Amino acid sequence: MLPTPRIRKILTDILLLLIVPAIVGVLIVDIRIDDIRAFFLERRVTLAVWIYVAVFLAFLAFAIFLNNKSYQRDKEIERRDDDLLRLKQTIATLERHLDDAKQLRFLDVVTGIPNEAKWKVDIERLAATASDDAPCHIALIDLVAFGKLNDELGYAKVDEILRYLAQTLDDNMRKNEGLYRKHLEDNALLPDRLYRKYPGGDEFYIVVEGSEAEMLGLLVRLQQLMSKRIDLHVTHDIAGKPVKLRFSGAVCRLYREESPDSVTKRLIEGLRPTRYPNAARRLNWQSGRKSADCKPDALEHRLYKQAEEEFATESP
């Protein structure tokens, strides 16, 4: 086992304390063999030996002084290294907290899905590449008569319903689909792209990188998921009473370089007619296309037909 640098330095100092005074004694004060013999055998100290001892003690004091300065310097370097390490650890911790804060800025705290702020970021990114060859469609859905549940069940249970609803819908999104919750004043989106519009509301954005028919197919699937699975869980495990969740909505196409505010304005305008008492459907899509406009054997015909039937006001 090799000695530590500290021990090696001490051994080197001891060696120098023995050798350097001896050299000084021989070369400068001319210590002879007779002087050494007189000191050890006759216990007689000559002038040369006294000079040698004085040189030795002076060198010893100087070595102790240098060694102490070196020790203090090493301790200072060690302290600075420790301070630097703690500083790096603090910076790493702050960076992690900053990353967490950035993620929370884009997250709806009640449902755990992306909010409208994230939705705006995603819309700007998608609008930059939107084209006829790569269409993108946006939907805004609003839970029908959901506000009454606040009075009947209380906000705690309503938040639990929204959380289960959002997580279940989000889990059933495909790769090119997403849901976002709309924000109350400003607006919010994460990679899943199911976004909640308002922190205290019941409106959600949905993004589909695909055709209008694909968006309608997704909305039909989500409404059927509510009817067959979510309603059952909410009724038995949360509300303790029969609950039937339905949504109205609007669908529009995202145009190239279109702003999020422009998309929201068009969606709200499209959503308004679905709330009229005499509305034919709870879902309004931009093209106004009907299943009768499609070839009977085409996939689009089936998707538009399902949307017409699922969102007809006769079955709210």
# chains A, B, ... in the order shown; residues from 1 in each chain; ligands from 1
$ select_by_dssp --residues "range 92-297 of chain A" --states "strand (DSSP E or B)" --output "ChimeraX atom specification"
/A:107,114-115,137-143,177-181,188,194-196,203-208,247-253,281,283-285
$ write_last_selection --atoms "C-alpha atoms" --output "short mmCIF file (atom, residue, chain, number, x, y, z; two decimals), in the first residue's frame"
data_model
loop_
_atom_site.label_atom_id
_atom_site.label_comp_id
_atom_site.auth_asym_id
_atom_site.auth_seq_id
_atom_site.Cartn_x
_atom_site.Cartn_y
_atom_site.Cartn_z
CA LEU A 107 -50.60 20.54 -16.67
CA PRO A 114 -52.42 19.02 -20.56
CA ASN A 115 -54.07 22.40 -20.20
CA HIS A 137 -58.56 18.99 -37.09
CA ILE A 138 -59.44 20.48 -33.72
CA ALA A 139 -62.53 19.85 -31.59
CA LEU A 140 -63.90 21.69 -28.56
CA ILE A 141 -66.28 19.58 -26.48
CA ASP A 142 -68.47 20.74 -23.61
CA LEU A 143 -70.09 18.34 -21.13
CA GLU A 177 -55.09 11.99 -31.33
CA GLY A 178 -55.02 14.15 -28.22
CA LEU A 179 -57.20 15.75 -25.53
CA TYR A 180 -56.59 19.05 -23.68
CA ARG A 181 -58.52 20.81 -20.90
CA ALA A 188 -53.58 25.10 -22.28
CA LEU A 194 -56.03 15.71 -24.55
CA TYR A 195 -56.34 19.24 -23.13
CA ARG A 196 -58.60 20.71 -20.46
CA GLU A 203 -64.58 21.94 -21.69
CA PHE A 204 -61.81 20.04 -23.47
CA TYR A 205 -59.81 20.46 -26.65
CA ILE A 206 -59.13 17.47 -28.87
CA VAL A 207 -56.52 17.37 -31.63
CA VAL A 208 -56.41 14.85 -34.45
CA PHE A 247 -71.05 16.26 -24.59
CA SER A 248 -71.76 18.75 -27.33
CA GLY A 249 -68.98 20.00 -29.54
CA ALA A 250 -67.61 21.69 -32.61
CA VAL A 251 -64.95 20.59 -35.10
CA CYS A 252 -62.86 22.80 -37.37
CA ARG A 253 -59.83 22.39 -39.57
CA ARG A 281 -77.23 17.66 -33.48
CA LEU A 283 -71.98 18.16 -32.67
CA ASN A 284 -71.25 20.65 -35.41
CA TRP A 285 -68.42 20.13 -37.92
#
$ select_by_dssp --residues "range 79-280 of chain A" --states "helix (DSSP H, G or I)" --output "CSV table (one decimal) with N, CA and C atoms, in the first residue's frame"
chain,number,residue,atom,x,y,z
A,79,ARG,N,-11.6,22.9,1.0
A,79,ARG,CA,-12.8,23.6,1.3
A,79,ARG,C,-13.5,24.2,0.1
A,80,ARG,N,-12.7,24.8,-0.8
A,80,ARG,CA,-13.2,25.3,-2.1
A,80,ARG,C,-13.8,24.2,-2.9
A,81,ASP,N,-13.2,23.1,-3.0
A,81,ASP,CA,-13.7,22.0,-3.8
A,81,ASP,C,-15.0,21.5,-3.2
A,82,ASP,N,-15.1,21.5,-1.9
A,82,ASP,CA,-16.4,21.1,-1.2
A,82,ASP,C,-17.5,22.1,-1.5
A,83,ASP,N,-17.1,23.4,-1.5
A,83,ASP,CA,-18.1,24.4,-1.8
A,83,ASP,C,-18.6,24.4,-3.2
A,84,LEU,N,-17.6,24.1,-4.1
A,84,LEU,CA,-18.0,23.9,-5.5
A,84,LEU,C,-18.9,22.8,-5.8
A,85,LEU,N,-18.6,21.6,-5.1
A,85,LEU,CA,-19.4,20.5,-5.2
A,85,LEU,C,-20.9,20.7,-4.7
A,86,ARG,N,-21.0,21.4,-3.6
A,86,ARG,CA,-22.3,21.8,-3.0
A,86,ARG,C,-23.0,22.7,-4.0
A,87,LEU,N,-22.3,23.6,-4.6
A,87,LEU,CA,-22.9,24.6,-5.5
A,87,LEU,C,-23.4,23.9,-6.7
A,88,LYS,N,-22.7,22.9,-7.3
A,88,LYS,CA,-23.1,22.1,-8.4
A,88,LYS,C,-24.4,21.3,-8.1
A,89,GLN,N,-24.4,20.7,-6.9
A,89,GLN,CA,-25.5,20.0,-6.4
A,89,GLN,C,-26.8,20.9,-6.3
A,90,THR,N,-26.5,22.1,-5.8
A,90,THR,CA,-27.7,23.0,-5.6
A,90,THR,C,-28.2,23.4,-7.0
A,91,ILE,N,-27.3,23.7,-7.9
A,91,ILE,CA,-27.7,24.1,-9.3
A,91,ILE,C,-28.5,22.9,-9.9
A,92,ALA,N,-28.0,21.7,-9.8
A,92,ALA,CA,-28.7,20.5,-10.3
A,92,ALA,C,-30.1,20.4,-9.7
A,93,THR,N,-30.2,20.6,-8.4
A,93,THR,CA,-31.5,20.6,-7.8
A,93,THR,C,-32.5,21.7,-8.3
A,94,LEU,N,-32.0,22.9,-8.4
A,94,LEU,CA,-32.8,24.0,-9.0
A,94,LEU,C,-33.2,23.7,-10.4
A,95,GLU,N,-32.3,23.1,-11.2
A,95,GLU,CA,-32.7,22.8,-12.6
A,95,GLU,C,-33.8,21.8,-12.6
A,96,ARG,N,-33.8,20.8,-11.7
A,96,ARG,CA,-34.8,19.8,-11.6
A,96,ARG,C,-36.2,20.5,-11.2
A,97,HIS,N,-36.1,21.4,-10.3
A,97,HIS,CA,-37.3,22.1,-9.8
A,97,HIS,C,-37.8,23.0,-11.0
A,98,LEU,N,-36.9,23.6,-11.7
A,98,LEU,CA,-37.3,24.4,-12.9
A,98,LEU,C,-38.0,23.6,-13.9
A,99,ASP,N,-37.5,22.4,-14.2
A,99,ASP,CA,-38.1,21.5,-15.2
A,99,ASP,C,-39.5,21.0,-14.7
A,100,ASP,N,-39.6,20.8,-13.4
A,100,ASP,CA,-40.9,20.4,-12.8
A,100,ASP,C,-41.9,21.5,-12.9
A,101,ALA,N,-41.4,22.7,-12.7
A,101,ALA,CA,-42.3,23.9,-12.8
A,101,ALA,C,-42.8,24.1,-14.2
A,102,LYS,N,-41.9,23.9,-15.2
A,102,LYS,CA,-42.3,24.0,-16.6
A,102,LYS,C,-43.3,23.0,-16.9
A,103,GLN,N,-43.2,21.8,-16.4
A,103,GLN,CA,-44.2,20.8,-16.7
A,103,GLN,C,-45.5,21.1,-16.1
A,104,LEU,N,-45.5,21.6,-14.8
A,104,LEU,CA,-46.7,21.9,-14.1
A,104,LEU,C,-47.4,23.1,-14.8
A,105,ARG,N,-46.6,24.0,-15.4
A,105,ARG,CA,-47.3,25.1,-16.1
A,105,ARG,C,-48.1,24.6,-17.3
A,116,GLU,N,-54.7,24.4,-21.5
A,116,GLU,CA,-54.8,25.2,-22.7
A,116,GLU,C,-53.5,25.9,-23.1
A,117,ALA,N,-52.7,26.2,-22.1
A,117,ALA,CA,-51.4,26.8,-22.4
A,117,ALA,C,-50.6,25.8,-23.3
A,118,LYS,N,-50.6,24.5,-23.0
A,118,LYS,CA,-49.9,23.6,-23.8
A,118,LYS,C,-50.5,23.4,-25.1
A,119,TRP,N,-51.9,23.5,-25.1
A,119,TRP,CA,-52.6,23.4,-26.4
A,119,TRP,C,-52.1,24.5,-27.4
A,120,LYS,N,-52.0,25.7,-26.9
A,120,LYS,CA,-51.5,26.8,-27.7
A,120,LYS,C,-50.2,26.5,-28.3
A,121,VAL,N,-49.3,26.0,-27.5
A,121,VAL,CA,-47.9,25.7,-28.0
A,121,VAL,C,-48.0,24.6,-29.1
A,122,ASP,N,-48.8,23.6,-28.9
A,122,ASP,CA,-48.9,22.5,-29.9
A,122,ASP,C,-49.6,23.0,-31.2
A,123,ILE,N,-50.6,23.9,-31.0
A,123,ILE,CA,-51.3,24.4,-32.2
A,123,ILE,C,-50.4,25.2,-33.0
A,124,GLU,N,-49.6,26.0,-32.4
A,124,GLU,CA,-48.6,26.8,-33.2
A,124,GLU,C,-47.6,25.9,-33.9
A,125,ARG,N,-47.2,24.8,-33.3
A,125,ARG,CA,-46.3,23.9,-34.0
A,125,ARG,C,-47.0,23.1,-35.1
A,126,LEU,N,-48.2,22.7,-34.9
A,126,LEU,CA,-49.0,22.0,-35.9
A,126,LEU,C,-49.4,22.9,-37.1
A,127,ALA,N,-49.7,24.1,-36.8
A,127,ALA,CA,-50.1,25.1,-37.8
A,127,ALA,C,-49.0,25.4,-38.8
A,147,GLY,N,-72.8,21.4,-15.1
A,147,GLY,CA,-72.8,22.3,-14.0
A,147,GLY,C,-73.8,21.9,-12.9
A,148,LYS,N,-74.9,21.2,-13.2
A,148,LYS,CA,-75.9,20.8,-12.2
A,148,LYS,C,-75.3,19.8,-11.2
A,149,LEU,N,-74.3,19.0,-11.7
A,149,LEU,CA,-73.7,18.0,-10.8
A,149,LEU,C,-72.9,18.7,-9.6
A,150,ASN,N,-72.4,19.9,-9.9
A,150,ASN,CA,-71.8,20.7,-8.8
A,150,ASN,C,-72.7,20.9,-7.6
A,151,ASP,N,-74.0,21.3,-7.9
A,151,ASP,CA,-74.9,21.5,-6.9
A,151,ASP,C,-75.4,20.3,-6.2
A,152,GLU,N,-75.5,19.2,-7.0
A,152,GLU,CA,-76.0,17.9,-6.5
A,152,GLU,C,-75.0,17.1,-5.7
A,153,LEU,N,-73.7,17.1,-6.2
A,153,LEU,CA,-72.7,16.2,-5.6
A,153,LEU,C,-71.6,17.0,-4.9
A,155,TYR,N,-68.2,20.0,-5.2
A,155,TYR,CA,-67.1,20.1,-6.1
A,155,TYR,C,-66.1,19.0,-6.0
A,156,ALA,N,-65.9,18.4,-4.8
A,156,ALA,CA,-64.9,17.3,-4.6
A,156,ALA,C,-65.3,16.1,-5.5
A,157,LYS,N,-66.5,15.7,-5.5
A,157,LYS,CA,-66.9,14.5,-6.3
A,157,LYS,C,-66.9,14.9,-7.8
A,158,VAL,N,-67.3,16.1,-8.1
A,158,VAL,CA,-67.2,16.6,-9.5
A,158,VAL,C,-65.8,16.5,-10.0
A,159,ASP,N,-64.9,17.0,-9.2
A,159,ASP,CA,-63.4,16.9,-9.6
A,159,ASP,C,-63.0,15.5,-9.8
A,160,GLU,N,-63.5,14.6,-9.0
A,160,GLU,CA,-63.2,13.2,-9.1
A,160,GLU,C,-63.7,12.6,-10.4
A,161,ILE,N,-64.9,13.0,-10.7
A,161,ILE,CA,-65.6,12.6,-12.0
A,161,ILE,C,-64.7,13.1,-13.2
A,162,LEU,N,-64.4,14.4,-13.2
A,162,LEU,CA,-63.6,15.0,-14.2
A,162,LEU,C,-62.3,14.3,-14.4
A,163,ARG,N,-61.6,13.9,-13.2
A,163,ARG,CA,-60.3,13.3,-13.3
A,163,ARG,C,-60.4,11.9,-13.9
A,164,TYR,N,-61.4,11.1,-13.5
A,164,TYR,CA,-61.6,9.8,-14.1
A,164,TYR,C,-62.0,9.9,-15.6
A,165,LEU,N,-62.9,10.8,-15.9
A,165,LEU,CA,-63.3,11.0,-17.3
A,165,LEU,C,-62.1,11.4,-18.2
A,166,ALA,N,-61.3,12.4,-17.7
A,166,ALA,CA,-60.2,12.8,-18.5
A,166,ALA,C,-59.1,11.7,-18.7
A,167,GLN,N,-58.8,11.0,-17.6
A,167,GLN,CA,-57.8,10.0,-17.7
A,167,GLN,C,-58.3,8.8,-18.5
A,168,THR,N,-59.5,8.5,-18.5
A,168,THR,CA,-60.1,7.4,-19.3
A,168,THR,C,-60.1,7.7,-20.8
A,169,LEU,N,-60.5,9.0,-21.1
A,169,LEU,CA,-60.5,9.4,-22.5
A,169,LEU,C,-59.1,9.5,-23.0
A,170,ASP,N,-58.2,10.0,-22.2
A,170,ASP,CA,-56.8,10.1,-22.6
A,170,ASP,C,-56.1,8.8,-22.8
A,171,ASP,N,-56.5,7.8,-22.0
A,171,ASP,CA,-55.9,6.4,-22.2
A,171,ASP,C,-56.4,5.8,-23.5
A,212,GLU,N,-61.3,15.2,-41.2
A,212,GLU,CA,-62.5,15.5,-40.4
A,212,GLU,C,-63.2,14.2,-40.1
A,213,ALA,N,-63.3,13.3,-41.0
A,213,ALA,CA,-64.0,12.0,-40.7
A,213,ALA,C,-63.3,11.2,-39.6
A,214,GLU,N,-61.9,11.3,-39.5
A,214,GLU,CA,-61.2,10.7,-38.5
A,214,GLU,C,-61.5,11.3,-37.1
A,215,MET,N,-61.7,12.6,-37.1
A,215,MET,CA,-62.1,13.3,-35.9
A,215,MET,C,-63.5,12.9,-35.4
A,216,LEU,N,-64.4,12.8,-36.4
A,216,LEU,CA,-65.8,12.4,-36.0
A,216,LEU,C,-65.7,10.9,-35.5
A,217,GLY,N,-64.9,10.1,-36.1
A,217,GLY,CA,-64.8,8.7,-35.6
A,217,GLY,C,-64.3,8.7,-34.2
A,218,LEU,N,-63.4,9.5,-33.9
A,218,LEU,CA,-62.8,9.6,-32.5
A,218,LEU,C,-63.9,10.1,-31.5
A,219,LEU,N,-64.6,11.1,-31.9
A,219,LEU,CA,-65.7,11.7,-31.0
A,219,LEU,C,-66.8,10.7,-30.8
A,220,VAL,N,-67.2,9.9,-31.8
A,220,VAL,CA,-68.1,8.8,-31.6
A,220,VAL,C,-67.6,7.8,-30.6
A,221,ARG,N,-66.4,7.4,-30.8
A,221,ARG,CA,-65.7,6.4,-29.9
A,221,ARG,C,-65.7,6.9,-28.5
A,222,LEU,N,-65.4,8.2,-28.3
A,222,LEU,CA,-65.3,8.7,-26.9
A,222,LEU,C,-66.7,8.8,-26.3
A,223,GLN,N,-67.7,9.2,-27.1
A,223,GLN,CA,-69.1,9.3,-26.5
A,223,GLN,C,-69.6,7.9,-26.2
A,224,GLN,N,-69.3,6.9,-27.0
A,224,GLN,CA,-69.7,5.5,-26.7
A,224,GLN,C,-68.9,5.0,-25.4
A,225,LEU,N,-67.7,5.4,-25.3
A,225,LEU,CA,-66.9,5.0,-24.1
A,225,LEU,C,-67.6,5.6,-22.8
A,226,MET,N,-68.1,6.9,-22.9
A,226,MET,CA,-68.8,7.4,-21.8
A,226,MET,C,-70.0,6.6,-21.5
A,227,SER,N,-70.8,6.3,-22.5
A,227,SER,CA,-72.1,5.6,-22.3
A,227,SER,C,-71.9,4.2,-21.7
A,228,LYS,N,-70.9,3.5,-22.2
A,228,LYS,CA,-70.8,2.1,-21.9
A,228,LYS,C,-69.9,1.8,-20.7
A,229,ARG,N,-69.0,2.7,-20.4
A,229,ARG,CA,-68.0,2.4,-19.3
A,229,ARG,C,-67.9,3.5,-18.2
A,230,ILE,N,-67.8,4.8,-18.7
A,230,ILE,CA,-67.6,5.9,-17.7
A,230,ILE,C,-68.8,6.1,-16.9
A,231,ASP,N,-70.0,6.1,-17.5
A,231,ASP,CA,-71.2,6.3,-16.8
A,231,ASP,C,-71.4,5.3,-15.7
A,232,LEU,N,-71.1,4.1,-16.0
A,232,LEU,CA,-71.3,3.0,-15.1
A,232,LEU,C,-70.4,3.2,-13.8
A,233,HIS,N,-69.1,3.5,-14.1
A,233,HIS,CA,-68.2,3.8,-13.0
A,233,HIS,C,-68.6,5.0,-12.1
A,234,VAL,N,-68.9,6.1,-12.8
A,234,VAL,CA,-69.3,7.3,-12.1
A,234,VAL,C,-70.6,7.0,-11.2
A,235,THR,N,-71.5,6.3,-11.8
A,235,THR,CA,-72.8,6.1,-11.1
A,235,THR,C,-72.6,5.2,-9.8
A,236,HIS,N,-71.8,4.2,-9.9
A,236,HIS,CA,-71.7,3.2,-8.8
A,236,HIS,C,-70.6,3.6,-7.8
A,237,ASP,N,-69.4,4.1,-8.4
A,237,ASP,CA,-68.2,4.3,-7.5
A,237,ASP,C,-68.0,5.7,-7.1
A,238,ILE,N,-68.6,6.7,-7.7
A,238,ILE,CA,-68.4,8.1,-7.3
A,238,ILE,C,-69.7,8.8,-6.9
A,239,ALA,N,-70.6,8.9,-7.8
A,239,ALA,CA,-71.8,9.7,-7.5
A,239,ALA,C,-72.8,9.0,-6.6
A,260,PRO,N,-53.7,30.1,-32.3
A,260,PRO,CA,-54.6,29.4,-31.4
A,260,PRO,C,-55.9,30.2,-31.1
A,261,ASP,N,-55.8,31.6,-31.0
A,261,ASP,CA,-56.9,32.4,-30.7
A,261,ASP,C,-57.9,32.3,-31.8
A,262,SER,N,-57.4,32.3,-33.1
A,262,SER,CA,-58.3,32.2,-34.2
A,262,SER,C,-59.1,30.8,-34.2
A,263,VAL,N,-58.4,29.8,-33.9
A,263,VAL,CA,-59.0,28.5,-33.8
A,263,VAL,C,-60.1,28.4,-32.7
A,264,THR,N,-59.8,29.0,-31.5
A,264,THR,CA,-60.7,29.0,-30.4
A,264,THR,C,-62.0,29.8,-30.8
A,265,LYS,N,-61.8,30.9,-31.5
A,265,LYS,CA,-62.9,31.7,-31.9
A,265,LYS,C,-63.8,31.0,-32.8
A,266,ARG,N,-63.3,30.3,-33.8
A,266,ARG,CA,-64.1,29.5,-34.7
A,266,ARG,C,-64.8,28.3,-34.1
A,267,LEU,N,-64.1,27.7,-33.1
A,267,LEU,CA,-64.7,26.6,-32.4
A,267,LEU,C,-65.9,27.0,-31.5
A,268,ILE,N,-65.7,28.2,-30.8
A,268,ILE,CA,-66.8,28.7,-30.0
A,268,ILE,C,-68.0,29.1,-30.9
A,269,GLU,N,-67.8,29.6,-32.1
A,269,GLU,CA,-68.8,30.0,-33.0
A,269,GLU,C,-69.5,28.7,-33.5
A,270,GLY,N,-68.7,27.6,-33.7
A,270,GLY,CA,-69.3,26.4,-34.1
A,270,GLY,C,-70.1,25.7,-33.0
A,271,LEU,N,-69.7,25.9,-31.8
A,271,LEU,CA,-70.3,25.2,-30.6
A,271,LEU,C,-71.7,25.9,-30.3
A,272,ARG,N,-71.8,27.2,-30.6
A,272,ARG,CA,-73.0,27.9,-30.2
A,272,ARG,C,-74.3,27.3,-30.7
A,273,PRO,N,-74.4,27.0,-32.0
A,273,PRO,CA,-75.6,26.4,-32.6
A,273,PRO,C,-76.0,25.1,-31.9
A,274,THR,N,-75.1,24.3,-31.4
A,274,THR,CA,-75.5,23.0,-30.8
A,274,THR,C,-76.2,23.2,-29.5
A,275,ARG,N,-76.2,24.4,-28.9
A,275,ARG,CA,-76.9,24.6,-27.7
A,275,ARG,C,-78.3,25.2,-27.9
